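Q: Below you'll find the structure I mean.
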Amino acid sequence: MKHWLALSDRELMTVRLKDLELDVEGELLLECLAVVRGELGARGFGFEPHVWLSDEWFCPDGVPGFAIPFYLAHERLQALERTQMEEVEGGTRRRCLRLVRHETGHAIDNAYRLRGRQRRVELFGSSEIEYPDSYAPHPYSRKFVRYLELGYAQCHPDDDFAETFAVWLDPASRWRERYARWPALAKLVYMDELMAEQVKTRPRVANRREADALSTLSVTLGEHYRERRKNHKVNFARRYDRDLRRVFGTRGKALGAAFLRRHRASLLSEVAQRTGTRRYMVDRVLADWIARARALGLRLCQSEKRTRAEVVTLLRVHVARYMRQEHYRIPV
């Protein structure tokens, strides 16, 4: 039994990551890794990326494997992640499978040293381009596959490659049909041809390096989450005032901040689903709205039904603006 299981959440936040003493475990995680291994085998690959636990999803350059966030190894830590960040990235079977396929694409890219190929550069762009701190995807572009949320294939040429690989590998993607009239089809056809070549060869890189392994991370859970929240925090609060005044007034009995708090859960779900944005990012905007509504003394001045509809419309706009301007670490 893990020594930290009996701790309260507050006590748990004082535990260092390396003292969690976790390995790659957990029913959901192991199942998803096994599924993707099976998909690779079905495609003819003998290669399997090695995996390890760290503080987030990432695949280091030159390593034919990838890191998985520690919280996926235990349900208690997933619950803590949800409390701290509003959601668990990779916490559902569908989402976990998609992330594993994406990271596997990076690992295969490294294992077979595919980045310098002329056709790959023509289709996806150069891997030498520096990773951006942030990006503003074009949501309706058909030049890129759509797999992970936030137009992730548009972030960087290497992520375009990994996303295209993930769609190609996913047996449920039906990519020839779905992307039949898209420019992105050329990338998928190339991926199909490229992978057919690789299954006949041995990987050129076979190291088992584990960057930032969990057992080496001395920060506490509290420090870890404070840093993550700080990195994701951008104060756009005062930019919201004009639109908040369009929805709420200064006369009325019910407080606008109280209304937003009461509908917070349903607003998070609806706007996240409609925008394809992670719930915790929507919640950052909504939290600022609540603070500004309180500071401005705004009150409900029309029916709750109409107010909620207007809030949803404006919240979608501000979340999109927030995503275009926010700087956050991008998993690779």
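Chain labels follow the order of the structure tokens: the first chain is A, the next B, and so on; residue numbering restarts at 1 in every chain, and ligands are counted from 1 in their shown order.
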As JSON, numbers by chain, list the residues of range 2-66 of chain A assigned to strand (DSSP E or B) by DSSP on the backbone atoms of this structure.
A: {"A": [16, 50, 51, 52, 53, 54, 58, 65, 66]}
Q: Just C-alpha atoms for this one: save the residues we selected as an mmCIF file, in the first residue's frame.
A:
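File produced: again_5.cif:
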data_model
loop_
_atom_site.group_PDB
_atom_site.id
_atom_site.type_symbol
_atom_site.label_atom_id
_atom_site.label_comp_id
_atom_site.auth_asym_id
_atom_site.auth_seq_id
_atom_site.Cartn_x
_atom_site.Cartn_y
_atom_site.Cartn_z
ATOM 1 C CA ARG A 16 7.638 15.075 -3.191
ATOM 2 C CA HIS A 50 9.477 2.655 -23.949
ATOM 3 C CA VAL A 51 7.497 4.737 -21.474
ATOM 4 C CA TRP A 52 8.121 6.249 -18.046
ATOM 5 C CA LEU A 53 6.382 8.492 -15.536
ATOM 6 C CA SER A 54 7.154 12.198 -15.257
ATOM 7 C CA PHE A 58 6.332 14.640 -23.639
ATOM 8 C CA GLY A 65 9.972 6.636 -26.039
ATOM 9 C CA PHE A 66 7.829 9.095 -24.124
#
Q: Determine, counting only C-alpha atoms, which protein, DNA and RNA residues have an atom within 8 Å of an atom of Val15 in chain A; residues of the same chain fewer than 5 positions away are not included. Present the result as a count of residues only.
A: 5
Q: May I have the residues within 7 Å of range 281-285 of chain A as a ChimeraX atom specification, using only C-alpha atoms and disregarding those fewer than 5 positions away in the same chain?
A: /A:268,272,319
Q: For the selection just defined, write its residues with N, CA and C atoms to a file, as a PDB file, in the first residue's frame.
A:
ATOM      1  N   LEU A 268     -19.113  25.627 -17.751  1.00  0.00           N
ATOM      2  CA  LEU A 268     -17.834  24.995 -18.087  1.00  0.00           C
ATOM      3  C   LEU A 268     -18.028  23.878 -19.098  1.00  0.00           C
ATOM      4  N   ALA A 272     -16.789  24.411 -22.975  1.00  0.00           N
ATOM      5  CA  ALA A 272     -15.658  23.529 -23.305  1.00  0.00           C
ATOM      6  C   ALA A 272     -16.010  22.628 -24.476  1.00  0.00           C
ATOM      7  N   VAL A 319     -13.021  33.039 -24.465  1.00  0.00           N
ATOM      8  CA  VAL A 319     -12.168  31.852 -24.358  1.00  0.00           C
ATOM      9  C   VAL A 319     -11.304  31.728 -25.606  1.00  0.00           C
TER      10      VAL A 319
END
Q: What's around range 167-180 of chain A at 7 Å? Count only C-alpha atoms, leave out sequence neighbours fewer than 6 positions away in its own chain, and write the answer as a ChimeraX atom specification.
A: /A:39,147,188
Q: Using only C-alpha atoms, which of A:Pro203, A:Gly26, A:Gly41, A:Pro132 sits nearest Ile68 in chain A?
A: A:Gly26
Q: Calculated over only C-alpha atoms, which of the candidates A:Phe47, A:Phe259, A:Tyr240, A:Tyr322 has the smallest distance to Ala111 in chain A?
A: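 Smallest distance to Ala111 in chain A is found for A:Phe47.
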Q: Excluding Val311 in chain A and residues on its chain fewer than 2 positions from it, collect all residues at most 9 Å away from it, counting only C-alpha atoms, and give them as a ChimeraX atom specification.
A: /A:244,247,260,267,306-309,313-316
Q: Using DSSP on the backbone coordinates, identify the residues of range 50-293 of chain A assigned to alpha helix (DSSP H); present them as a ChimeraX atom specification.
A: /A:75-85,93-111,118-124,157-169,175-178,185-198,221-232,241-247,256-262,264-275,279-293
Q: List the neighbours of Arg202 in chain A out to 12 Å using only C-alpha atoms; skip same-chain residues closer than 6 positions along the sequence, and give me the result as a ChimeraX atom specification.
A: /A:44-48,108,111-113
Q: Emit the selected residues as a PDB file, in the first residue's frame, including N, CA and C atoms.
A:
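Now in result-v7.pdb:
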ATOM      1  N   GLY A  44       2.461  -4.236 -38.470  1.00  0.00           N
ATOM      2  CA  GLY A  44       3.702  -4.897 -38.837  1.00  0.00           C
ATOM      3  C   GLY A  44       4.928  -4.433 -38.091  1.00  0.00           C
ATOM      4  N   PHE A  45       4.760  -3.549 -37.108  1.00  0.00           N
ATOM      5  CA  PHE A  45       5.904  -3.046 -36.350  1.00  0.00           C
ATOM      6  C   PHE A  45       6.328  -4.029 -35.267  1.00  0.00           C
ATOM      7  N   GLY A  46       7.643  -4.255 -35.166  1.00  0.00           N
ATOM      8  CA  GLY A  46       8.188  -4.957 -34.018  1.00  0.00           C
ATOM      9  C   GLY A  46       8.601  -3.960 -32.950  1.00  0.00           C
ATOM     10  N   PHE A  47       8.740  -2.708 -33.337  1.00  0.00           N
ATOM     11  CA  PHE A  47       9.150  -1.638 -32.433  1.00  0.00           C
ATOM     12  C   PHE A  47       8.033  -1.256 -31.467  1.00  0.00           C
ATOM     13  N   GLU A  48       8.416  -1.033 -30.199  1.00  0.00           N
ATOM     14  CA  GLU A  48       7.500  -0.499 -29.196  1.00  0.00           C
ATOM     15  C   GLU A  48       8.231   0.606 -28.434  1.00  0.00           C
ATOM     16  N   ILE A 108       8.344   7.172 -32.836  1.00  0.00           N
ATOM     17  CA  ILE A 108       8.719   6.520 -34.095  1.00  0.00           C
ATOM     18  C   ILE A 108       9.521   7.480 -34.974  1.00  0.00           C
ATOM     19  N   ALA A 111      12.879   7.207 -33.472  1.00  0.00           N
ATOM     20  CA  ALA A 111      13.483   5.879 -33.614  1.00  0.00           C
ATOM     21  C   ALA A 111      14.020   5.633 -35.020  1.00  0.00           C
ATOM     22  N   TYR A 112      13.308   6.114 -36.029  1.00  0.00           N
ATOM     23  CA  TYR A 112      13.690   5.855 -37.419  1.00  0.00           C
ATOM     24  C   TYR A 112      14.335   7.071 -38.091  1.00  0.00           C
ATOM     25  N   ARG A 113      14.540   8.140 -37.321  1.00  0.00           N
ATOM     26  CA  ARG A 113      15.188   9.359 -37.823  1.00  0.00           C
ATOM     27  C   ARG A 113      14.559   9.824 -39.141  1.00  0.00           C
TER      28      ARG A 113
END
Q: Output as a tab-separated table one row per residue of range 166-229 of chain A within 9 Å of range 153-162 of chain A: the closest atom pair and its distance in Å to one decimal place, counting only C-alpha atoms, sorted by chain and residue number ascending.
A:
residue	atom	partner	partner_atom	distance
A:Ala166	CA	A:Ala162	CA	6.1
A:Val167	CA	A:Ala162	CA	8.8
A:Lys187	CA	A:Phe161	CA	8.3
A:Met191	CA	A:Phe161	CA	8.5
Q: Restricted to C-alpha atoms, what would the selected residues look like written as a PDB file, in the first residue's frame?
A:
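And here's result-v3.pdb as it stands now:
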ATOM      1  CA  ALA A 166      -2.051   9.052 -34.740  1.00  0.00           C
ATOM      2  CA  VAL A 167      -4.919   9.321 -37.237  1.00  0.00           C
ATOM      3  CA  LYS A 187       0.024  13.789 -45.573  1.00  0.00           C
ATOM      4  CA  MET A 191       2.382   8.477 -43.835  1.00  0.00           C
TER       5      MET A 191
END
Q: Which of these, A:Val35, A:Val88, A:Leu28, A:Leu77, has the shortest distance to Arg101 in chain A once you count only C-alpha atoms?
A: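 Selected residue with least distance to Arg101 in chain A: A:Val35.
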Q: So the first atom is CA of Glu163 in chain A and the second is CA of Cys96 in chain A; what is the distance between them in Å, to one decimal place?
A: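 So the answer is 14.0 Å.
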Q: I'd like the neighbourhood of Gly90 in chain A as a PDB file with C-alpha atoms, in the first residue's frame, where a residue qualifies if any of its atoms comes within 10 Å (using only C-alpha atoms), though same-chain residues fewer than 2 positions away should be ignored.
A:
ATOM      1  CA  LEU A  28      -6.670   2.551 -17.619  1.00  0.00           C
ATOM      2  CA  LEU A  29      -3.085   3.454 -18.464  1.00  0.00           C
ATOM      3  CA  TRP A  57       3.235  14.115 -21.487  1.00  0.00           C
ATOM      4  CA  ILE A  68       3.406  10.000 -19.113  1.00  0.00           C
ATOM      5  CA  PRO A  69       2.082  12.231 -16.303  1.00  0.00           C
ATOM      6  CA  TYR A  71      -1.325  11.055 -11.967  1.00  0.00           C
ATOM      7  CA  LEU A  72      -2.517   8.518 -14.546  1.00  0.00           C
ATOM      8  CA  GLN A  78      -6.262  11.629 -10.774  1.00  0.00           C
ATOM      9  CA  GLU A  87      -9.807  18.039 -15.513  1.00  0.00           C
ATOM     10  CA  VAL A  88      -7.539  15.037 -15.989  1.00  0.00           C
ATOM     11  CA  THR A  92     -10.730   8.825 -20.163  1.00  0.00           C
ATOM     12  CA  ARG A  93     -10.047   5.812 -22.354  1.00  0.00           C
ATOM     13  CA  ARG A  94     -10.651   7.734 -25.586  1.00  0.00           C
ATOM     14  CA  ARG A  95      -8.457  10.659 -24.583  1.00  0.00           C
ATOM     15  CA  CYS A  96      -5.677   8.470 -23.195  1.00  0.00           C
ATOM     16  CA  LEU A  97      -5.556   6.367 -26.368  1.00  0.00           C
ATOM     17  CA  ARG A  98      -5.301   9.473 -28.518  1.00  0.00           C
ATOM     18  CA  LEU A  99      -2.466  10.897 -26.453  1.00  0.00           C
ATOM     19  CA  VAL A 100      -0.570   7.592 -26.480  1.00  0.00           C
TER      20      VAL A 100
END
Q: Tell me, in Å to one decimal, how far CA of Thr275 in chain A is from CA of Glu103 in chain A.
A: 23.7 Å
